[in-house]
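File shown here: final-v7.cif, holding mmCIF, N, CA and C atoms.
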data_upload
#
loop_
_atom_site.label_atom_id
_atom_site.label_comp_id
_atom_site.auth_asym_id
_atom_site.auth_seq_id
_atom_site.Cartn_x
_atom_site.Cartn_y
_atom_site.Cartn_z
N MET A 1 80.48 70.95 105.95
CA MET A 1 81.26 72.16 106.16
C MET A 1 81.32 72.44 107.65
N PRO A 2 82.50 72.70 108.20
CA PRO A 2 82.60 72.97 109.63
C PRO A 2 81.97 74.32 109.97
N GLN A 3 81.46 74.40 111.18
CA GLN A 3 80.90 75.66 111.65
C GLN A 3 82.01 76.49 112.27
N VAL A 4 81.91 77.81 112.13
CA VAL A 4 82.88 78.73 112.70
C VAL A 4 82.17 79.61 113.70
N PHE A 5 82.75 79.75 114.88
CA PHE A 5 82.14 80.55 115.92
C PHE A 5 83.04 81.72 116.28
N ARG A 6 82.45 82.85 116.59
CA ARG A 6 83.16 84.02 117.11
C ARG A 6 82.36 84.54 118.28
N GLY A 7 83.03 85.09 119.26
CA GLY A 7 82.32 85.69 120.38
C GLY A 7 82.82 85.21 121.71
N LYS A 8 81.92 85.05 122.67
CA LYS A 8 82.30 84.81 124.05
C LYS A 8 82.67 83.37 124.36
N ALA A 9 82.21 82.40 123.61
CA ALA A 9 82.49 81.02 123.97
C ALA A 9 82.61 80.12 122.75
N GLN A 10 83.48 79.17 122.88
CA GLN A 10 83.59 78.11 121.88
C GLN A 10 83.85 76.82 122.65
N VAL A 11 82.97 75.84 122.48
CA VAL A 11 83.05 74.62 123.27
C VAL A 11 83.96 73.60 122.62
N SER A 12 83.94 73.51 121.30
CA SER A 12 84.73 72.48 120.63
C SER A 12 85.58 73.11 119.53
N GLY A 13 86.56 72.36 119.09
CA GLY A 13 87.40 72.83 118.00
C GLY A 13 88.85 72.52 118.26
N LEU A 14 89.67 72.58 117.24
CA LEU A 14 91.08 72.31 117.34
C LEU A 14 91.83 73.62 117.23
N ALA A 15 92.70 73.91 118.18
CA ALA A 15 93.46 75.16 118.16
C ALA A 15 94.59 75.04 117.14
N MET A 16 94.63 75.92 116.18
CA MET A 16 95.69 75.94 115.18
C MET A 16 95.69 77.29 114.49
N SER A 17 96.79 77.62 113.86
CA SER A 17 96.83 78.85 113.07
C SER A 17 97.41 78.51 111.70
N ILE A 18 96.90 79.21 110.69
CA ILE A 18 97.32 78.97 109.32
C ILE A 18 97.61 80.31 108.67
N ASP A 19 98.76 80.42 108.03
CA ASP A 19 99.09 81.61 107.26
C ASP A 19 98.62 81.39 105.83
N VAL A 20 97.95 82.39 105.27
CA VAL A 20 97.44 82.29 103.91
C VAL A 20 98.08 83.38 103.07
N ILE A 21 98.59 83.01 101.92
CA ILE A 21 99.19 83.98 101.00
C ILE A 21 98.24 84.14 99.82
N LEU A 22 97.82 85.35 99.56
CA LEU A 22 96.95 85.64 98.43
C LEU A 22 97.67 86.58 97.47
N TYR A 23 97.31 86.52 96.22
CA TYR A 23 97.97 87.34 95.22
C TYR A 23 97.10 88.44 94.62
N PRO A 24 95.87 88.63 95.09
CA PRO A 24 95.10 89.74 94.51
C PRO A 24 95.76 91.08 94.80
N SER A 25 95.65 91.99 93.88
CA SER A 25 96.20 93.34 94.03
C SER A 25 95.07 94.30 94.40
N PRO A 26 95.13 94.96 95.58
CA PRO A 26 94.04 95.87 95.98
C PRO A 26 93.80 96.95 94.93
N HIS A 27 92.53 97.21 94.67
CA HIS A 27 92.17 98.18 93.64
C HIS A 27 91.18 99.22 94.16
N ASP A 28 90.04 98.80 94.68
CA ASP A 28 89.01 99.71 95.18
C ASP A 28 88.57 99.28 96.57
N ALA A 29 88.05 100.22 97.33
CA ALA A 29 87.54 99.90 98.66
C ALA A 29 86.40 100.86 98.99
N SER A 30 85.46 100.37 99.80
CA SER A 30 84.38 101.22 100.26
C SER A 30 83.98 100.81 101.67
N MET A 31 83.44 101.76 102.44
CA MET A 31 82.98 101.50 103.79
C MET A 31 81.59 102.09 103.96
N GLU A 32 80.80 101.45 104.82
CA GLU A 32 79.45 101.93 105.11
C GLU A 32 79.23 101.86 106.62
N HIS A 33 78.74 102.96 107.20
CA HIS A 33 78.48 103.05 108.63
C HIS A 33 77.15 102.40 108.96
N GLN A 34 77.15 101.47 109.93
CA GLN A 34 75.95 100.75 110.32
C GLN A 34 75.80 100.78 111.84
N PHE A 35 74.59 100.66 112.34
CA PHE A 35 74.34 100.47 113.76
C PHE A 35 72.90 100.06 113.96
N GLY A 36 72.66 99.35 115.06
CA GLY A 36 71.31 98.99 115.42
C GLY A 36 70.62 100.19 116.04
N LEU A 37 69.32 100.30 115.85
CA LEU A 37 68.59 101.45 116.37
C LEU A 37 67.33 100.95 117.09
N ASP A 38 67.26 101.27 118.38
CA ASP A 38 66.07 100.95 119.18
C ASP A 38 65.28 102.22 119.40
N LYS A 39 63.97 102.17 119.13
CA LYS A 39 63.10 103.32 119.38
C LYS A 39 62.26 103.03 120.63
N VAL A 40 62.19 104.01 121.50
CA VAL A 40 61.40 103.89 122.72
C VAL A 40 60.12 104.70 122.53
N GLN A 41 59.01 104.11 122.92
CA GLN A 41 57.73 104.80 122.76
C GLN A 41 57.17 105.19 124.12
N ASP A 42 56.44 106.28 124.13
CA ASP A 42 55.79 106.72 125.37
C ASP A 42 54.47 105.96 125.55
N GLN A 43 53.71 106.34 126.55
CA GLN A 43 52.46 105.63 126.86
C GLN A 43 51.41 105.73 125.76
N ASN A 44 51.56 106.72 124.87
CA ASN A 44 50.62 106.87 123.76
C ASN A 44 51.09 106.14 122.50
N GLY A 45 52.25 105.52 122.56
CA GLY A 45 52.79 104.81 121.41
C GLY A 45 53.58 105.69 120.46
N ASP A 46 53.85 106.94 120.87
CA ASP A 46 54.65 107.84 120.04
C ASP A 46 56.13 107.66 120.37
N ASP A 47 56.96 107.71 119.35
CA ASP A 47 58.40 107.63 119.58
C ASP A 47 58.85 108.83 120.41
N CYS A 48 59.61 108.56 121.48
CA CYS A 48 60.07 109.65 122.33
C CYS A 48 61.57 109.60 122.58
N ALA A 49 62.24 108.51 122.21
CA ALA A 49 63.68 108.41 122.40
C ALA A 49 64.23 107.34 121.46
N MET A 50 65.52 107.42 121.21
CA MET A 50 66.20 106.42 120.38
C MET A 50 67.51 106.05 121.04
N ARG A 51 67.94 104.82 120.79
CA ARG A 51 69.22 104.35 121.31
C ARG A 51 69.92 103.58 120.20
N SER A 52 71.19 103.88 120.02
CA SER A 52 71.98 103.14 119.03
C SER A 52 72.83 102.11 119.76
N ARG A 53 73.11 101.02 119.06
CA ARG A 53 73.96 99.97 119.64
C ARG A 53 74.63 99.21 118.52
N ASN A 54 75.68 98.49 118.88
CA ASN A 54 76.44 97.67 117.93
C ASN A 54 76.89 98.47 116.71
N GLU A 55 77.48 99.63 116.96
CA GLU A 55 77.98 100.46 115.86
C GLU A 55 79.09 99.70 115.13
N MET A 56 78.99 99.64 113.81
CA MET A 56 79.96 98.89 113.03
C MET A 56 80.19 99.55 111.68
N ILE A 57 81.23 99.07 111.03
CA ILE A 57 81.56 99.50 109.68
C ILE A 57 81.53 98.27 108.79
N ASP A 58 80.74 98.31 107.73
CA ASP A 58 80.76 97.28 106.70
C ASP A 58 81.70 97.76 105.60
N GLY A 59 82.59 96.89 105.17
CA GLY A 59 83.54 97.29 104.15
C GLY A 59 83.61 96.29 103.01
N GLU A 60 84.14 96.74 101.90
CA GLU A 60 84.37 95.88 100.75
C GLU A 60 85.69 96.30 100.11
N ILE A 61 86.54 95.32 99.90
CA ILE A 61 87.80 95.56 99.21
C ILE A 61 87.76 94.77 97.91
N ILE A 62 87.97 95.46 96.80
CA ILE A 62 87.98 94.81 95.49
C ILE A 62 89.43 94.73 95.02
N CYS A 63 89.85 93.52 94.68
CA CYS A 63 91.21 93.29 94.24
C CYS A 63 91.21 92.73 92.82
N HIS A 64 92.18 93.16 92.02
CA HIS A 64 92.36 92.57 90.70
C HIS A 64 93.18 91.30 90.84
N LEU A 65 92.82 90.29 90.09
CA LEU A 65 93.51 89.01 90.13
C LEU A 65 94.64 89.03 89.10
N ILE A 66 95.82 89.40 89.56
CA ILE A 66 96.97 89.50 88.66
C ILE A 66 98.14 88.74 89.28
N ASP A 67 99.11 88.41 88.48
CA ASP A 67 100.32 87.74 88.95
C ASP A 67 101.42 88.80 89.05
N ARG A 68 101.78 89.18 90.27
CA ARG A 68 102.79 90.22 90.48
C ARG A 68 104.16 89.62 90.76
N THR A 69 104.34 88.32 90.54
CA THR A 69 105.61 87.67 90.87
C THR A 69 106.62 87.72 89.74
N GLY A 70 106.22 88.19 88.58
CA GLY A 70 107.11 88.20 87.42
C GLY A 70 107.08 86.89 86.65
N SER A 71 106.23 85.98 87.10
CA SER A 71 106.11 84.69 86.42
C SER A 71 105.42 84.88 85.07
N PRO A 72 105.80 84.11 84.06
CA PRO A 72 105.14 84.23 82.76
C PRO A 72 103.76 83.57 82.73
N THR A 73 103.38 82.88 83.81
CA THR A 73 102.08 82.21 83.84
C THR A 73 101.10 83.05 84.66
N ILE A 74 99.85 82.61 84.69
CA ILE A 74 98.85 83.28 85.51
C ILE A 74 98.47 82.42 86.71
N ALA A 75 99.35 81.50 87.08
CA ALA A 75 99.06 80.56 88.17
C ALA A 75 98.76 81.28 89.48
N HIS A 76 99.53 82.31 89.80
CA HIS A 76 99.30 83.02 91.06
C HIS A 76 97.99 83.80 91.05
N ALA A 77 97.63 84.33 89.91
CA ALA A 77 96.35 85.02 89.79
C ALA A 77 95.21 84.03 90.00
N LYS A 78 95.33 82.85 89.44
CA LYS A 78 94.30 81.83 89.63
C LYS A 78 94.25 81.37 91.08
N ALA A 79 95.42 81.23 91.71
CA ALA A 79 95.46 80.80 93.11
C ALA A 79 94.83 81.85 94.02
N GLY A 80 94.91 83.11 93.64
CA GLY A 80 94.33 84.18 94.44
C GLY A 80 92.83 84.28 94.33
N ALA A 81 92.25 83.59 93.35
CA ALA A 81 90.80 83.63 93.16
C ALA A 81 90.15 82.60 94.08
N ALA A 82 90.27 82.82 95.37
CA ALA A 82 89.72 81.88 96.36
C ALA A 82 89.07 82.67 97.48
N PHE A 83 87.94 82.18 97.95
CA PHE A 83 87.25 82.83 99.06
C PHE A 83 87.98 82.55 100.37
N LEU A 84 87.88 83.47 101.30
CA LEU A 84 88.40 83.26 102.64
C LEU A 84 87.34 82.53 103.46
N ALA A 85 87.76 81.87 104.53
CA ALA A 85 86.83 81.11 105.38
C ALA A 85 85.82 82.05 106.04
N PRO A 86 84.60 81.56 106.32
CA PRO A 86 83.62 82.38 107.03
C PRO A 86 84.17 82.87 108.37
N LEU A 87 83.99 84.13 108.65
CA LEU A 87 84.44 84.79 109.88
C LEU A 87 85.95 84.80 110.03
N ALA A 88 86.69 84.61 108.92
CA ALA A 88 88.15 84.71 108.99
C ALA A 88 88.53 86.11 109.44
N VAL A 89 89.60 86.21 110.21
CA VAL A 89 90.09 87.50 110.68
C VAL A 89 91.07 88.05 109.64
N VAL A 90 90.82 89.27 109.19
CA VAL A 90 91.68 89.95 108.24
C VAL A 90 92.21 91.20 108.92
N THR A 91 93.54 91.34 108.98
CA THR A 91 94.15 92.54 109.56
C THR A 91 94.70 93.39 108.43
N ILE A 92 94.24 94.63 108.37
CA ILE A 92 94.71 95.56 107.34
C ILE A 92 95.64 96.56 108.00
N SER A 93 96.78 96.78 107.37
CA SER A 93 97.74 97.77 107.86
C SER A 93 98.29 98.54 106.67
N SER A 94 98.88 99.66 106.93
CA SER A 94 99.53 100.50 105.91
C SER A 94 98.56 101.08 104.90
N SER A 95 97.28 101.19 105.25
CA SER A 95 96.33 101.83 104.34
C SER A 95 96.45 103.34 104.48
N ASP A 96 96.30 104.04 103.37
CA ASP A 96 96.31 105.51 103.41
C ASP A 96 95.11 106.03 104.20
N VAL A 97 94.01 105.29 104.20
CA VAL A 97 92.84 105.66 104.99
C VAL A 97 92.96 104.94 106.32
N THR A 98 93.27 105.67 107.38
CA THR A 98 93.58 105.03 108.67
C THR A 98 92.41 104.24 109.23
N ALA A 99 91.18 104.55 108.86
CA ALA A 99 90.03 103.79 109.34
C ALA A 99 90.08 102.33 108.90
N TRP A 100 90.81 102.03 107.83
CA TRP A 100 90.94 100.64 107.36
C TRP A 100 91.93 99.86 108.21
N ASN A 101 92.87 100.53 108.87
CA ASN A 101 93.96 99.87 109.57
C ASN A 101 93.51 99.29 110.90
N THR A 102 92.91 98.12 110.84
CA THR A 102 92.43 97.44 112.03
C THR A 102 92.10 96.00 111.67
N THR A 103 91.50 95.29 112.60
CA THR A 103 91.09 93.91 112.40
C THR A 103 89.66 93.86 111.90
N TRP A 104 89.40 93.04 110.88
CA TRP A 104 88.10 92.89 110.26
C TRP A 104 87.71 91.43 110.26
N LEU A 105 86.42 91.14 110.11
CA LEU A 105 85.92 89.78 109.95
C LEU A 105 85.33 89.63 108.55
N VAL A 106 85.55 88.48 107.94
CA VAL A 106 84.93 88.17 106.65
C VAL A 106 83.47 87.81 106.90
N VAL A 107 82.57 88.50 106.22
CA VAL A 107 81.13 88.26 106.36
C VAL A 107 80.57 87.84 105.00
N PRO A 108 79.33 87.34 104.95
CA PRO A 108 78.77 86.88 103.68
C PRO A 108 78.73 87.97 102.61
N GLY A 109 78.92 87.55 101.37
CA GLY A 109 78.76 88.48 100.26
C GLY A 109 80.00 88.66 99.40
N SER A 110 81.13 88.02 99.75
CA SER A 110 82.31 88.12 98.90
C SER A 110 82.00 87.50 97.54
N LYS A 111 82.67 87.99 96.50
CA LYS A 111 82.39 87.45 95.17
C LYS A 111 83.62 87.51 94.28
N ILE A 112 83.67 86.59 93.33
CA ILE A 112 84.73 86.54 92.34
C ILE A 112 84.10 86.85 90.99
N ASP A 113 84.74 87.75 90.25
CA ASP A 113 84.23 88.17 88.95
C ASP A 113 85.31 87.88 87.91
N LEU A 114 85.05 86.88 87.07
CA LEU A 114 85.98 86.52 86.00
C LEU A 114 85.41 87.00 84.67
N LYS A 115 86.31 87.44 83.80
CA LYS A 115 85.87 88.00 82.53
C LYS A 115 86.53 87.26 81.37
N ASN A 116 85.84 87.24 80.23
CA ASN A 116 86.46 86.67 79.03
C ASN A 116 87.65 87.51 78.59
N GLU A 117 87.52 88.80 78.70
CA GLU A 117 88.62 89.71 78.36
C GLU A 117 88.81 90.66 79.52
N GLY A 118 90.02 91.01 79.80
CA GLY A 118 90.30 91.92 80.90
C GLY A 118 90.71 91.17 82.16
N THR A 119 90.80 91.90 83.22
CA THR A 119 91.29 91.37 84.48
C THR A 119 90.14 90.96 85.38
N GLY A 120 90.24 89.77 85.94
CA GLY A 120 89.24 89.32 86.90
C GLY A 120 89.43 90.03 88.22
N SER A 121 88.45 89.90 89.10
CA SER A 121 88.55 90.55 90.40
C SER A 121 87.90 89.69 91.48
N ILE A 122 88.26 89.98 92.71
CA ILE A 122 87.64 89.35 93.87
C ILE A 122 87.28 90.46 94.85
N ALA A 123 86.09 90.40 95.39
CA ALA A 123 85.61 91.40 96.35
C ALA A 123 85.44 90.71 97.70
N PHE A 124 86.14 91.19 98.71
CA PHE A 124 86.02 90.66 100.06
C PHE A 124 85.08 91.55 100.86
N LYS A 125 84.01 90.97 101.40
CA LYS A 125 83.08 91.69 102.28
C LYS A 125 83.60 91.55 103.70
N LEU A 126 83.78 92.69 104.36
CA LEU A 126 84.36 92.72 105.69
C LEU A 126 83.48 93.52 106.64
N MET A 127 83.67 93.28 107.94
CA MET A 127 82.91 94.01 108.97
C MET A 127 83.80 94.16 110.20
N ARG A 128 83.66 95.31 110.84
CA ARG A 128 84.34 95.52 112.12
C ARG A 128 83.44 96.38 113.00
N TYR A 129 83.58 96.19 114.31
CA TYR A 129 82.85 97.03 115.26
C TYR A 129 83.66 98.28 115.56
N VAL A 130 82.99 99.40 115.77
CA VAL A 130 83.67 100.66 116.07
C VAL A 130 84.30 100.60 117.46
N ASP A 131 83.59 100.02 118.44
CA ASP A 131 84.12 99.87 119.79
C ASP A 131 85.26 98.85 119.76
N SER A 132 86.47 99.27 120.13
CA SER A 132 87.65 98.40 119.99
C SER A 132 87.54 97.15 120.87
N THR A 133 86.95 97.26 122.06
CA THR A 133 86.79 96.09 122.93
C THR A 133 85.85 95.08 122.28
N GLN A 134 84.74 95.56 121.75
CA GLN A 134 83.78 94.68 121.09
C GLN A 134 84.40 94.05 119.84
N ASN A 135 85.17 94.83 119.09
CA ASN A 135 85.81 94.31 117.88
C ASN A 135 86.82 93.22 118.23
N THR A 136 87.61 93.44 119.28
CA THR A 136 88.58 92.44 119.71
C THR A 136 87.88 91.16 120.15
N LEU A 137 86.80 91.30 120.92
CA LEU A 137 86.04 90.15 121.37
C LEU A 137 85.52 89.32 120.20
N MET A 138 84.94 89.98 119.21
CA MET A 138 84.35 89.27 118.09
C MET A 138 85.38 88.70 117.14
N ALA A 139 86.62 89.22 117.15
CA ALA A 139 87.66 88.73 116.25
C ALA A 139 88.59 87.75 116.95
N THR A 140 88.25 87.32 118.15
CA THR A 140 89.08 86.39 118.90
C THR A 140 88.37 85.06 119.05
N THR A 141 89.07 83.98 118.73
CA THR A 141 88.52 82.65 118.96
C THR A 141 88.90 82.24 120.37
N PRO A 142 87.93 82.00 121.24
CA PRO A 142 88.24 81.62 122.61
C PRO A 142 89.00 80.30 122.66
N SER A 143 89.88 80.19 123.65
CA SER A 143 90.64 78.95 123.78
C SER A 143 90.11 78.11 124.92
#
Target encoding structure tokens, full file:
Amino acid sequence: MPQVFRGKAQVSGLAMSIDVILYPSPHDASMEHQFGLDKVQDQNGDDCAMRSRNEMIDGEIICHLIDRTGSPTIAHAKAGAAFLAPLAVVTISSSDVTAWNTTWLVVPGSKIDLKNEGTGSIAFKLMRYVDSTQNTLMATTPS
């Protein structure tokens, strides 16, 4: 499996872009506020200050695997039941919740849930940094 890098440098790799069409229908979404926390201690070892860093939002979008093309088959629903590449960039737009409308990275934890009866689903685990400069840096593959 090829390694995927994000951040300040990439030494090797082939520059290319690929458009991916998925057929899952968005159903549910959730976000969680995260940040690193450093505690500073005084000379007695008591906490006396705190510093936050790397403020980010962890998100999850759950989509139902349905065929919205009008086709009598479920081929498109099956085709949509596929994981995205590690650290793939996902851009969300036109969300009613404006906090979703930005660039996200795919992080570990996505899952596909298929059922004997009912509609299957796929959950995409996403992450973005609150600082727009940091988010752009982490979502850009250096050339």
task = Report as a PyMOL selection string the residues that result from applying the PyMOL selection byres (((chain A and resi 85 and name CA) around 10) and name CA) to the structure here.
result = chain A and resi 4+82-84+86-89+105-107
Output N, CA and C atoms of each residue in that selection to a file, as a PDB file, in the frame of the given file.
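Final file, part.pdb:
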ATOM      1  N   VAL A   4      81.910  77.810 112.130  1.00  0.00           N
ATOM      2  CA  VAL A   4      82.880  78.730 112.700  1.00  0.00           C
ATOM      3  C   VAL A   4      82.170  79.610 113.700  1.00  0.00           C
ATOM      4  N   ALA A  82      90.270  82.820  95.370  1.00  0.00           N
ATOM      5  CA  ALA A  82      89.720  81.880  96.360  1.00  0.00           C
ATOM      6  C   ALA A  82      89.070  82.670  97.480  1.00  0.00           C
ATOM      7  N   PHE A  83      87.940  82.180  97.950  1.00  0.00           N
ATOM      8  CA  PHE A  83      87.250  82.830  99.060  1.00  0.00           C
ATOM      9  C   PHE A  83      87.980  82.550 100.370  1.00  0.00           C
ATOM     10  N   LEU A  84      87.880  83.470 101.300  1.00  0.00           N
ATOM     11  CA  LEU A  84      88.400  83.260 102.640  1.00  0.00           C
ATOM     12  C   LEU A  84      87.340  82.530 103.460  1.00  0.00           C
ATOM     13  N   PRO A  86      84.600  81.560 106.320  1.00  0.00           N
ATOM     14  CA  PRO A  86      83.620  82.380 107.030  1.00  0.00           C
ATOM     15  C   PRO A  86      84.170  82.870 108.370  1.00  0.00           C
ATOM     16  N   LEU A  87      83.990  84.130 108.650  1.00  0.00           N
ATOM     17  CA  LEU A  87      84.440  84.790 109.880  1.00  0.00           C
ATOM     18  C   LEU A  87      85.950  84.800 110.030  1.00  0.00           C
ATOM     19  N   ALA A  88      86.690  84.610 108.920  1.00  0.00           N
ATOM     20  CA  ALA A  88      88.150  84.710 108.990  1.00  0.00           C
ATOM     21  C   ALA A  88      88.530  86.110 109.440  1.00  0.00           C
ATOM     22  N   VAL A  89      89.600  86.210 110.210  1.00  0.00           N
ATOM     23  CA  VAL A  89      90.090  87.500 110.680  1.00  0.00           C
ATOM     24  C   VAL A  89      91.070  88.050 109.640  1.00  0.00           C
ATOM     25  N   LEU A 105      86.420  91.140 110.110  1.00  0.00           N
ATOM     26  CA  LEU A 105      85.920  89.780 109.950  1.00  0.00           C
ATOM     27  C   LEU A 105      85.330  89.630 108.550  1.00  0.00           C
ATOM     28  N   VAL A 106      85.550  88.480 107.940  1.00  0.00           N
ATOM     29  CA  VAL A 106      84.930  88.170 106.650  1.00  0.00           C
ATOM     30  C   VAL A 106      83.470  87.810 106.900  1.00  0.00           C
ATOM     31  N   VAL A 107      82.570  88.500 106.220  1.00  0.00           N
ATOM     32  CA  VAL A 107      81.130  88.260 106.360  1.00  0.00           C
ATOM     33  C   VAL A 107      80.570  87.840 105.000  1.00  0.00           C
TER      34      VAL A 107
END
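For the structure in this document, the set picked by the PyMOL selection byres ((chain A and resi 49) around 5) is A:Lys39, A:Val40, A:Asp47, A:Cys48, A:Met50, A:Arg51.
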task = Identify, on the basis of only C-alpha atoms, every residue whose closest approach to Met56 of chain A does not exceed 12 Å; exclude the query and any residue fewer than 5 positions from it along the same chain; express the result as JSON, numbers by chain.
result = {"A": [31, 32, 33, 34, 35, 36, 99, 104, 105, 126, 127, 128, 129, 130, 131, 132, 134, 135, 138]}
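Separating atom CA of Gly109 of chain A from atom CA of Val97 of chain A is a distance of 22.7 Å.
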request  = Go ahead and compute the interatomic distance for atom N of Ile62 of chain A and atom CA of Thr141 of chain A, in Å to one decimal.
outcome  =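 The value is 25.6 Å.
Taking atom CA of Glu60 of chain A and atom CA of Asp38 of chain A as the two end points, the separation is 26.5 Å.
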Using only N, CA and C atoms: which of A:Glu55, A:Asp42, A:Ile66, A:Ala29 has the shortest distance to Ser121 of chain A = A:Ile66
key: Nearby residues (all atoms listed in the file) at most 7 Å from Thr119 of chain A, same-chain spacing under 3 positions excluded, as a VMD selection string   = chain A and resid 64 to 65 113 to 115
